[in-house]
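Scroll down for the structure; my scribbles are underneath it.
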Amino acid sequence: MTFQRVLIANRGEIAIRIARACRESGIESVAVYSEADEKSPHVRAADRAVLIGPAPSSQSYLSIPAILDAARSTACDAVHPGYGFLSENASFARTCEQAGLVFVGPPPAVIERMGSKIAARALMIAAGVPVVPGVTAEDQSDEGVLAAAERVGFPVLVKASGGGGGKGMRVVRDPASARTLIPAARREAIAAFGDGTLYVERLIERPRHLEVQVFGDTHGNVVHLFERECSIQRRHQKVMEESPSPALTPATRGALEAAAVAAARAAGYVNAGTVEFLLEGTGGTARFYFLEVNARLQVEHPVTEAVAGVDLVRAQFIVAAGGHLPWTQEALTMRGHAIECRVYAEDPADGFLPQAGQLLLYREPSGPGIRVDSGVVEGGTVSVHYDPMLAKLTVSAESRDHAIARAISALRAFPILGIRTNVPFLIRLLDHPEIRAGRLHTRFIEEHASELLTSPDPPLEALAAAAVATAPQGLSTGDSATAPADPWGTVHGWGR
Amino acid sequence: MTFQRVLIANRGEIAIRIARACRESGIESVAVYSEADEKSPHVRAADRAVLIGPAPSSQSYLSIPAILDAARSTACDAVHPGYGFLSENASFARTCEQAGLVFVGPPPAVIERMGSKIAARALMIAAGVPVVPGVTAEDQSDEGVLAAAERVGFPVLVKASGGGGGKGMRVVRDPASARTLIPAARREAIAAFGDGTLYVERLIERPRHLEVQVFGDTHGNVVHLFERECSIQRRHQKVMEESPSPALTPATRGALEAAAVAAARAAGYVNAGTVEFLLEGTGGTARFYFLEVNARLQVEHPVTEAVAGVDLVRAQFIVAAGGHLPWTQEALTMRGHAIECRVYAEDPADGFLPQAGQLLLYREPSGPGIRVDSGVVEGGTVSVHYDPMLAKLTVSAESRDHAIARAISALRAFPILGIRTNVPFLIRLLDHPEIRAGRLHTRFIEEHASELLTSPDPPLEALAAAAVATAPQGLSTGDSATAPADPWGTVHGWGR
Amino acid sequence: MGRILILRASRGEYHVTLSEDGRVSIDGVTIAAMVSAPGEVRAGETGHAWVASSGELRWVFLDGEVFEIEVQPEGRRRRAAAGHGSLSAPMPATVVRVEVSPGTAVGRGDTLVILEAMKMELPIRASSDGIVKSVHCKPGDLVQPGIALIDIE
Amino acid sequence: MGRILILRASRGEYHVTLSEDGRVSIDGVTIAAMVSAPGEVRAGETGHAWVASSGELRWVFLDGEVFEIEVQPEGRRRRAAAGHGSLSAPMPATVVRVEVSPGTAVGRGDTLVILEAMKMELPIRASSDGIVKSVHCKPGDLVQPGIALIDIE
């Protein structure tokens with residue numbers, strides 16, 4: 001059994017990724033788009049596209065009725081939620097099922113269980129998976145959450161019980177700052193997830209963030225596809241991910257993989273998921289703690305696709321259609337090294353503030369071992385309404401050193417102009433001696449901010465380039481005498 | 001030890017491939033270019049570029065003095081020849097060495113030995129590697145070559161002793177046609193290689209073309225990197241290559257690999273090379289015959305890079321600098337399936353006649369498992385002076401079926417307009433039931449020409465697209481009112 | 001109310017009416033079509049085409065097929081076809097040998113001239129029986145497409 | 001004999017002479033530079049830059065660094081800087097809260113307004129000590145960059 005037509009309930013690079021997998025699997029794809037995305041590449045990547053509402057996500061990509069209407073009107077038989085938006089919304093998954101649409105992801109009950117950090121944690125404790133010491137504030141008032149923090153012992157991490165991605169997350173080091181940080185966390189949690197419930201856990205200083213890709217099918221099989229290290233983060237969002245982790249000994253890797261599979265089995269996990277852990281220390285004495293389960297495809301899934309040589313989205317469709325996992329644990333191998341860099345429209349020098357505007361120039365690098373997943377094109381507009389991630393650069397190579405060299409080379413051939421991005425920052429990051437040495441932790445960027453944020457004065461070549469890029473007879477834009485030959489010059493302008 | 005600066009004695013996609021490897025290895029690169037290539041992408045891919053002469057290859061890319069001058073003036077310490085041009089010219093390799101430049105390839109004596117099909121064959125017979133029955137015409141007159149053909153027994157293959165790539169190669173089925181075919185083969189051999197010596201061998205009907213990637217270092221290590229099947233050819237040039245071959249049993253694969261390593265050892269082989277074989281039959285009864293050694297990097301090396309997870313060009317630099325092979329035989333693994341499709345500027349419906357002109361529109365596909373190596377850009381010109389290959393599409397996937405689906409999807413997203421190409425032909429080829437079933441042989445395209453060359457009438461959508469792409473007020477080109485917004489509209493026109 | 005065009009492909013001619021609202025009527029069948037990005041056209045429910053223009057010629061890439069379609073406003077005359085009975089190079093090439101001279105009687109399929117381009121020999125063959133009227137090239141010439149090499153009558 | 005330009009980057013000003021033969025003289029140092037492809041410039045022996053223009057601003061990408069350089073013909077006045085003492089949104093955003101009102105005394109670094117964009121809270125802080133003169137926004141407003149939210153004197 002396979003699907004006839006799949007609705008992709010997402011936008012940007014992941015919608016394009018899913019449309020490609022559909023095409024290669026012989027499945028028709030239907031994109032949805034908001035008014036702001038009329039000209040976005042994901043609309044053209046699918047076979048069909050349906051307008052589902054105005055720009056704000058709440059009225060488009062987060063609108064369950066609008067998405068179900070689109071699926072019905074195009075006679076889809078399945079929905080792929082991507083990541084973010086409705087991907088971990090159990091009631092969306094349930095509504096899909098009730099409407100006769102297969103939800104490409106875990107069963108609603110599993111999403112629900114994993115969506116509550118509290119329930120997930122209890123389940124893991126029962127399954128013997130180590131967890132970070134932490135408490136749930138029964139009393140969710142400011143005072144109640146503060147009291148919980150005091151019971152765990154400062155410093156603590158206060159986070160949204162219902163979400164991820166750093167939204168609604170705050171490090172609280174003392175009761176004084178808690179007074180402003182707890183309400184801020186709650187506000188963000190409400191804005192992002194519609195639920196302000198907060199969870200408090202012990203802050204492990206300078207931990208590594210490790211996660212294991214797991215995959216289950218409806219026939220009771222569960223496999224893992226090795227780890228990803230995602231320690232390099234800013235504003236609690238991942239910036240760089242790699243596999244294998246430079247921190248793991250074979251013994252720790254084995255224990256981590258076993259814990260992830262145990263966690264997935266305990267959760268009754270089906271389809272692609274990720275079990276996240278914190279790692280304290282390195283080498284033989286390293287200890288890991290269960291953090292949470294991401295009940296969806298991850299942004300950084302290409303890292304695993306590269307080292308394991310698999311297609312996770314294709315496998316999602318096979319499993320969602322009731323098929324068996326396409327791999328046994330024994331057949332899966334890890335080969336080489338992969339690194340993903342997330343290219344964001346943001347200004348690292350200004351607190352990583354998201355940027356919006358027009359991409360005056362946007363050219364992607366290519367070559368052996370280089371994969372770019374992106375949702376933008378040159379001339380397109382980056383809107384204020386959605387996540388500022390422009391592209392993911394995933395490199396793979398025989399060794400970690402070569403992967404770093406390849407990533408730096410690729411980023412130096414990834415010009416994006418018109419909006420500030422983190423490309424220069426990513427290069428300085430990859431080139432940092434501590435990163436090269438594999439000594440990563442989740443506060444790395446904060447601690448090395450000054451080294452990572454220096455920017456040089458323009459060299460002569462840059463000044464000369466700016467000077468010759470000026471029209472000789474004045475500075476008017478669109479001087480037709482100097483415009484390049486335009487092969488589509490006679491294309492009729494409708495719809496532009 | 002490594003190199004400081006490498007001269008790339010080639011053009012097009014392979015020059016770009018080599019420049020990327022240089023950059024990732026911390027080596028500076030110097031491109032060379034003819035007057036016809038002033039605006040070609042390979043010129044911009046390297047750190048520097050040197051003009052070496054007018055358009056004809058004989059005065060530029062084949063001019064040993066011009067290339068050595070360029071290497072000297074830029075203080076290079078090594079030369080990478082790519083494939084074609086001077087890559088298998090022993091005297092070029094020797095002249096480089098005499099000039100103190102490391103030639104990134106096998107030693108001149110090995111190139112010489114392998115360049116003569118006669119000497120190579122003798123060496124292989126001595127090493128116990130099976131060879132195709134054939135003879136060298138001692139008397140190279142028309143009558144002498146005909147007499148040799150009669151000794152081998154018709155049908156025979158007459159080929160240039162000094163070359164490859166199908167140039168100067170003719171199938172001769174009877175003495176009557178030999179009268180015109182032998183002189184034609186000689187003329188082409190002289191034009192292409194400057195040497196008209198002809199070699200005659202038994203034609204194996206409907207064989208498969210298999211080859212094994214080998215790699216040696218200067219410390220006596222030789223490994224193989226598995227096979228590639230390159231049976232799908234037109235005009236004796238490869239069109240599609242894949243790995244693993246669907247024809248091999250594990251036993252035959254093992255024997256083939258062992259023969260290739262024996263051949264490489266017998267030749268004293270150093271650096272990257274390919275041992276080509278013909279395979280007669282399939283399954284357990286298949287027999288293979290040594291064909292020739294290609295003493296250079298092959299066009300289709302990305303297929304091996306994909307299944308083995310290696311970087312062959314990087315390894316070439318390591319070995320050329322005197323280093324050890326980066327892999328042991330035991331560490332090398334084959335995973336998944338890879339297919340390369342060569343995209344040519346040619347008209348399959350008109351005898352695959354090469355095409356030249358401007359690329360009005362050229363957009364490359366991208367996505368997981370898709371690699372495009374190309375030497376052209378939209379708006380660029382395909383010149384009559386050089387090989388008409390525009391790009392190589394290499395896909396990799398978990399299985400052969402998925403690789404075929406991925407290749408077809410990628411080709412359907414690879415629009416090239418303004419010059420006829422073989423893209424539609426490649427799709428029909430990949431979609432052919434015999435290809436899907438893995439039943440390939442070297443005359444496949446000839447035998448299935450009528451099925452592969454049908455082209456449909458334009459569907460309504462294509463007609464509508466042509467109609468709306470017409471400017472509403474007449475058919476003038478470059479109607480500025482409908483030209484797209486142009487972010488570099490003010491760029492000064494110098495050098496365009 | 002709309003512009004009328006004549007489209008010509010290799011095996012047919014089509015009458016097209018374009019209306020300003022994005023509907024295209026082709027020999028009476030109507031389909032929606034619009035330019036969705038530079039060089040890209042969305043046609044019908046699921047059609048995604050790429051298009052490039054060169055004079056009156058439109059190159060269209062759709063689902064992996066390429067169509068070369070001539071587009072002319074209704075009423076404009078079709079350009080005269082190339083001269084009958086003359087043979088020209090299919091692409092820029094060098095003349096290797098000329099096998100005939102004025103007065104030679106040739107049969108359909110006979111090789112008249114051998115060209116070389118991209119290191120390949122390209123034989124130019126007679127497309128019909130006839131007598132060579134004139135020869136416009138000699139070995140070593142660099143010849144351009146569209147220029148007569150041999151006239152046959 | 002050449003055009004004279006003033007270039008301004010974040011930390012400096014440069015006087016540039018452009019000659020028609022492709023040489024660029026920057027504060028007396030000469031370098032060759034030419035446009036090599038749309039949006040691409042080759043500068044000096046080994047420099048490969050990408051450039052895009054937006055009004056007088058040039059964005060230059062060179063070796064992985066991005067430079068924003070203002071280019072003006074010599075003699076043209078620099079555009080007046082944005083009004084002193086007023087604070088605006090760095091990007092389109094929604095106002096979440098306004099922490100001050102006219103007359104509030106503020107210190108450098110104090111949070112004046114909290115915006116939200118892309119689901120992130122963005123605090124707008126005072127860049128110097130002063131007194132709030134006027135407030136031009138209220139919670140729920142969608143505000144555009146460059147438009148004053150708060151004036152301080």
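Convention: chains lettered A, B, ... in structure tokens order; per-chain residue numbering from 1; ligands numbered from 1 as shown.
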Name the residues in contact with range 128-136 of chain D at a cut-off of 12 Å, using only C-alpha atoms, excluding same-chain residues fewer than 2 positions from it; report them as a PyMOL selection string. chain D and resi 84-89+95+97-113+125-126+138-139+141-144+147-153
Find the nearest atom pair between each residue of chain D and chain A for residues within 7 Å, count only C-alpha atoms, give distances in Å to one decimal, sort rows by chain and ascending number, and present the table as a tab-separated table.
```
residue	atom	partner	partner_atom	distance
D:Val24	CA	A:Ala464	CA	6.1
D:Ala33	CA	A:Ala464	CA	6.3
D:Met34	CA	A:Val468	CA	6.6
D:Pro38	CA	A:Pro484	CA	6.7
D:Val41	CA	A:Ala465	CA	5.8
D:Ala43	CA	A:Glu461	CA	5.2
D:Gly44	CA	A:Glu461	CA	6.4
D:Gly47	CA	A:Glu461	CA	6.0
D:Ala49	CA	A:Ala465	CA	6.6
D:Trp50	CA	A:Pro415	CA	6.7
D:Val51	CA	A:Ala466	CA	6.8
D:Ala52	CA	A:Leu360	CA	6.1
D:Gly55	CA	A:Thr477	CA	6.9
D:Arg58	CA	A:Ala466	CA	5.7
D:Trp59	CA	A:Leu417	CA	5.9
D:Val60	CA	A:Ala462	CA	6.3
D:Phe61	CA	A:Pro415	CA	5.8
D:Leu62	CA	A:Ala462	CA	6.5
D:Asp63	CA	A:Arg412	CA	5.3
D:Gly64	CA	A:Arg412	CA	4.1
D:Glu65	CA	A:Pro424	CA	5.2
D:Phe67	CA	A:Pro458	CA	6.4
D:Ile69	CA	A:Ala466	CA	6.9
D:Met91	CA	A:Gln355	CA	6.7
D:Pro92	CA	A:Val384	CA	6.4
D:Ala117	CA	A:Val384	CA	6.5
D:Met118	CA	A:Tyr386	CA	5.6
D:Lys119	CA	A:Ala192	CA	6.4
```
What gap, in Å, lies between CA of Gln213 in chain A and CA of Leu225 in chain A? 5.1 Å
Which neighbours of Leu86 in chain A fall inside 8 Å, counting only C-alpha atoms, when residues of the same chain fewer than 5 positions from it are skipped, and could you give them as a list in words?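 So the residues in contact are Ala9, Tyr61, Leu62, Pro81 and Phe92 of chain A.
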Based on DSSP run over this structure's backbone, return all residues of range 143-208 of chain B in strand (DSSP E), as a list in words. Val156, Leu157, Val158, Lys159, Ala160, Arg170, Val171, Val172, Leu198, Tyr199, Val200, Glu201, Arg202 and Arg208 of chain B
Select from range 192-409 of chain A everything DSSP, run on the backbone, classes as helix (DSSP H, G or I), then give the selection as a PyMOL selection string. chain A and resi 192-193+250-267+283-285+301-308+312-320+348-350+400-409
Take the selection from the previous step and output its residues with N, CA and C atoms, as a short mmCIF file (atom, residue, chain, number, x, y, z; two decimals), in the first residue's frame.
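Here's the written file out.cif:
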```cif
data_model
loop_
_atom_site.label_atom_id
_atom_site.label_comp_id
_atom_site.auth_asym_id
_atom_site.auth_seq_id
_atom_site.Cartn_x
_atom_site.Cartn_y
_atom_site.Cartn_z
N ALA A 192 3.84 31.02 21.65
CA ALA A 192 4.34 30.02 20.71
C ALA A 192 3.49 28.76 20.71
N PHE A 193 3.00 28.36 21.86
CA PHE A 193 2.36 27.05 21.94
C PHE A 193 0.93 27.11 22.47
N PRO A 250 32.96 4.30 22.06
CA PRO A 250 32.04 3.26 21.58
C PRO A 250 31.10 2.76 22.68
N ALA A 251 31.60 2.66 23.89
CA ALA A 251 30.77 2.14 24.98
C ALA A 251 29.63 3.11 25.30
N THR A 252 29.95 4.40 25.39
CA THR A 252 28.90 5.38 25.68
C THR A 252 27.90 5.44 24.53
N ARG A 253 28.42 5.38 23.28
CA ARG A 253 27.53 5.40 22.13
C ARG A 253 26.54 4.23 22.21
N GLY A 254 27.07 3.07 22.52
CA GLY A 254 26.20 1.88 22.61
C GLY A 254 25.13 2.07 23.68
N ALA A 255 25.54 2.60 24.84
CA ALA A 255 24.59 2.79 25.94
C ALA A 255 23.53 3.82 25.56
N LEU A 256 23.97 4.87 24.87
CA LEU A 256 23.05 5.94 24.46
C LEU A 256 22.03 5.39 23.46
N GLU A 257 22.52 4.63 22.48
CA GLU A 257 21.63 4.05 21.47
C GLU A 257 20.61 3.11 22.12
N ALA A 258 21.11 2.32 23.07
CA ALA A 258 20.20 1.38 23.75
C ALA A 258 19.15 2.14 24.54
N ALA A 259 19.56 3.23 25.20
CA ALA A 259 18.60 4.03 25.97
C ALA A 259 17.55 4.63 25.05
N ALA A 260 18.00 5.09 23.85
CA ALA A 260 17.06 5.71 22.92
C ALA A 260 16.04 4.70 22.43
N VAL A 261 16.50 3.49 22.13
CA VAL A 261 15.57 2.46 21.67
C VAL A 261 14.61 2.08 22.81
N ALA A 262 15.14 2.00 24.02
CA ALA A 262 14.28 1.69 25.18
C ALA A 262 13.24 2.79 25.35
N ALA A 263 13.66 4.03 25.19
CA ALA A 263 12.73 5.16 25.32
C ALA A 263 11.64 5.06 24.25
N ALA A 264 12.05 4.78 23.01
CA ALA A 264 11.08 4.71 21.91
C ALA A 264 10.10 3.57 22.15
N ARG A 265 10.62 2.44 22.61
CA ARG A 265 9.73 1.30 22.88
C ARG A 265 8.77 1.64 24.02
N ALA A 266 9.29 2.28 25.07
CA ALA A 266 8.44 2.64 26.20
C ALA A 266 7.31 3.57 25.74
N ALA A 267 7.63 4.44 24.76
CA ALA A 267 6.64 5.41 24.29
C ALA A 267 5.69 4.80 23.28
N GLY A 283 34.31 11.24 27.09
CA GLY A 283 35.12 10.03 27.24
C GLY A 283 34.41 8.98 28.08
N GLY A 284 35.21 8.21 28.77
CA GLY A 284 34.67 7.07 29.49
C GLY A 284 33.79 7.44 30.67
N THR A 285 33.94 8.68 31.19
CA THR A 285 33.20 9.05 32.39
C THR A 285 31.94 9.86 32.06
N HIS A 301 17.60 16.30 10.23
CA HIS A 301 17.60 14.90 9.76
C HIS A 301 18.60 14.63 8.63
N PRO A 302 19.00 15.64 7.80
CA PRO A 302 19.97 15.33 6.73
C PRO A 302 21.31 14.82 7.25
N VAL A 303 21.67 15.19 8.46
CA VAL A 303 22.93 14.70 9.04
C VAL A 303 22.88 13.17 9.13
N THR A 304 21.77 12.66 9.60
CA THR A 304 21.62 11.22 9.72
C THR A 304 21.52 10.58 8.34
N GLU A 305 20.79 11.23 7.42
CA GLU A 305 20.69 10.68 6.07
C GLU A 305 22.08 10.53 5.45
N ALA A 306 22.96 11.48 5.76
CA ALA A 306 24.31 11.43 5.18
C ALA A 306 25.14 10.31 5.78
N VAL A 307 25.19 10.21 7.09
CA VAL A 307 26.09 9.20 7.67
C VAL A 307 25.52 7.78 7.57
N ALA A 308 24.19 7.67 7.58
CA ALA A 308 23.61 6.33 7.51
C ALA A 308 23.25 5.93 6.08
N LEU A 312 15.09 9.34 5.13
CA LEU A 312 14.16 9.23 6.25
C LEU A 312 12.74 9.60 5.85
N VAL A 313 12.58 10.54 4.94
CA VAL A 313 11.22 10.96 4.57
C VAL A 313 10.53 9.85 3.76
N ARG A 314 11.30 9.25 2.87
CA ARG A 314 10.75 8.12 2.12
C ARG A 314 10.31 7.01 3.08
N ALA A 315 11.16 6.75 4.07
CA ALA A 315 10.82 5.72 5.06
C ALA A 315 9.58 6.12 5.85
N GLN A 316 9.41 7.42 6.10
CA GLN A 316 8.21 7.86 6.82
C GLN A 316 6.94 7.48 6.06
N PHE A 317 7.00 7.65 4.73
CA PHE A 317 5.83 7.29 3.93
C PHE A 317 5.58 5.78 3.95
N ILE A 318 6.65 5.01 3.85
CA ILE A 318 6.50 3.55 3.85
C ILE A 318 5.84 3.10 5.15
N VAL A 319 6.36 3.62 6.26
CA VAL A 319 5.85 3.20 7.57
C VAL A 319 4.43 3.72 7.80
N ALA A 320 4.17 4.96 7.37
CA ALA A 320 2.84 5.54 7.57
C ALA A 320 1.79 4.77 6.77
N PRO A 348 24.06 38.34 13.83
CA PRO A 348 24.74 37.81 15.03
C PRO A 348 25.31 38.93 15.89
N ALA A 349 25.74 40.04 15.26
CA ALA A 349 26.34 41.14 16.02
C ALA A 349 25.30 41.90 16.83
N ASP A 350 24.02 41.68 16.52
CA ASP A 350 22.96 42.38 17.22
C ASP A 350 22.07 41.35 17.93
N ARG A 400 35.99 14.06 10.07
CA ARG A 400 35.48 15.31 10.64
C ARG A 400 36.29 16.50 10.15
N ASP A 401 37.61 16.36 10.10
CA ASP A 401 38.45 17.47 9.61
C ASP A 401 38.07 17.88 8.20
N HIS A 402 37.88 16.87 7.35
CA HIS A 402 37.53 17.18 5.97
C HIS A 402 36.13 17.77 5.89
N ALA A 403 35.22 17.29 6.73
CA ALA A 403 33.86 17.85 6.72
C ALA A 403 33.90 19.32 7.12
N ILE A 404 34.73 19.67 8.10
CA ILE A 404 34.84 21.09 8.49
C ILE A 404 35.41 21.91 7.33
N ALA A 405 36.48 21.40 6.70
CA ALA A 405 37.07 22.12 5.56
C ALA A 405 36.04 22.29 4.44
N ARG A 406 35.28 21.25 4.20
CA ARG A 406 34.27 21.30 3.14
C ARG A 406 33.17 22.30 3.49
N ALA A 407 32.75 22.31 4.75
CA ALA A 407 31.70 23.25 5.17
C ALA A 407 32.18 24.69 5.04
N ILE A 408 33.42 24.94 5.43
CA ILE A 408 33.96 26.30 5.31
C ILE A 408 34.04 26.71 3.84
N SER A 409 34.57 25.81 3.00
CA SER A 409 34.65 26.12 1.57
C SER A 409 33.27 26.42 1.00
#
```
Please provide as a short mmCIF file (atom, residue, chain, number, x, y, z; two decimals) with N, CA and C atoms, in the first residue's frame all residues within 6 Å of Leu7 in chain D, with the sequence filter that same-chain residues fewer than 5 positions apart are discarded (counting only C-alpha atoms).
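Saved as result.cif:
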```cif
data_model
loop_
_atom_site.label_atom_id
_atom_site.label_comp_id
_atom_site.auth_asym_id
_atom_site.auth_seq_id
_atom_site.Cartn_x
_atom_site.Cartn_y
_atom_site.Cartn_z
N GLU D 13 36.10 55.68 5.81
CA GLU D 13 35.68 56.33 4.59
C GLU D 13 36.84 56.24 3.62
N TYR D 14 36.55 55.99 2.35
CA TYR D 14 37.61 55.74 1.37
C TYR D 14 37.34 56.60 0.14
N GLU D 70 28.59 52.05 1.52
CA GLU D 70 27.81 53.10 0.89
C GLU D 70 28.66 53.76 -0.18
N VAL D 71 28.13 53.97 -1.35
CA VAL D 71 28.90 54.54 -2.46
C VAL D 71 28.22 55.82 -2.91
#
```
Interatomic distance, CA of Glu364 in chain B to CA of Gly375 in chain A (Å, one decimal):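 These two atoms are separated by 15.5 Å.
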Have a look at A:Gln59, A:Ser25, A:Thr282, A:Thr249 and name the one nearest to chain B; count only C-alpha atoms. A:Ser25
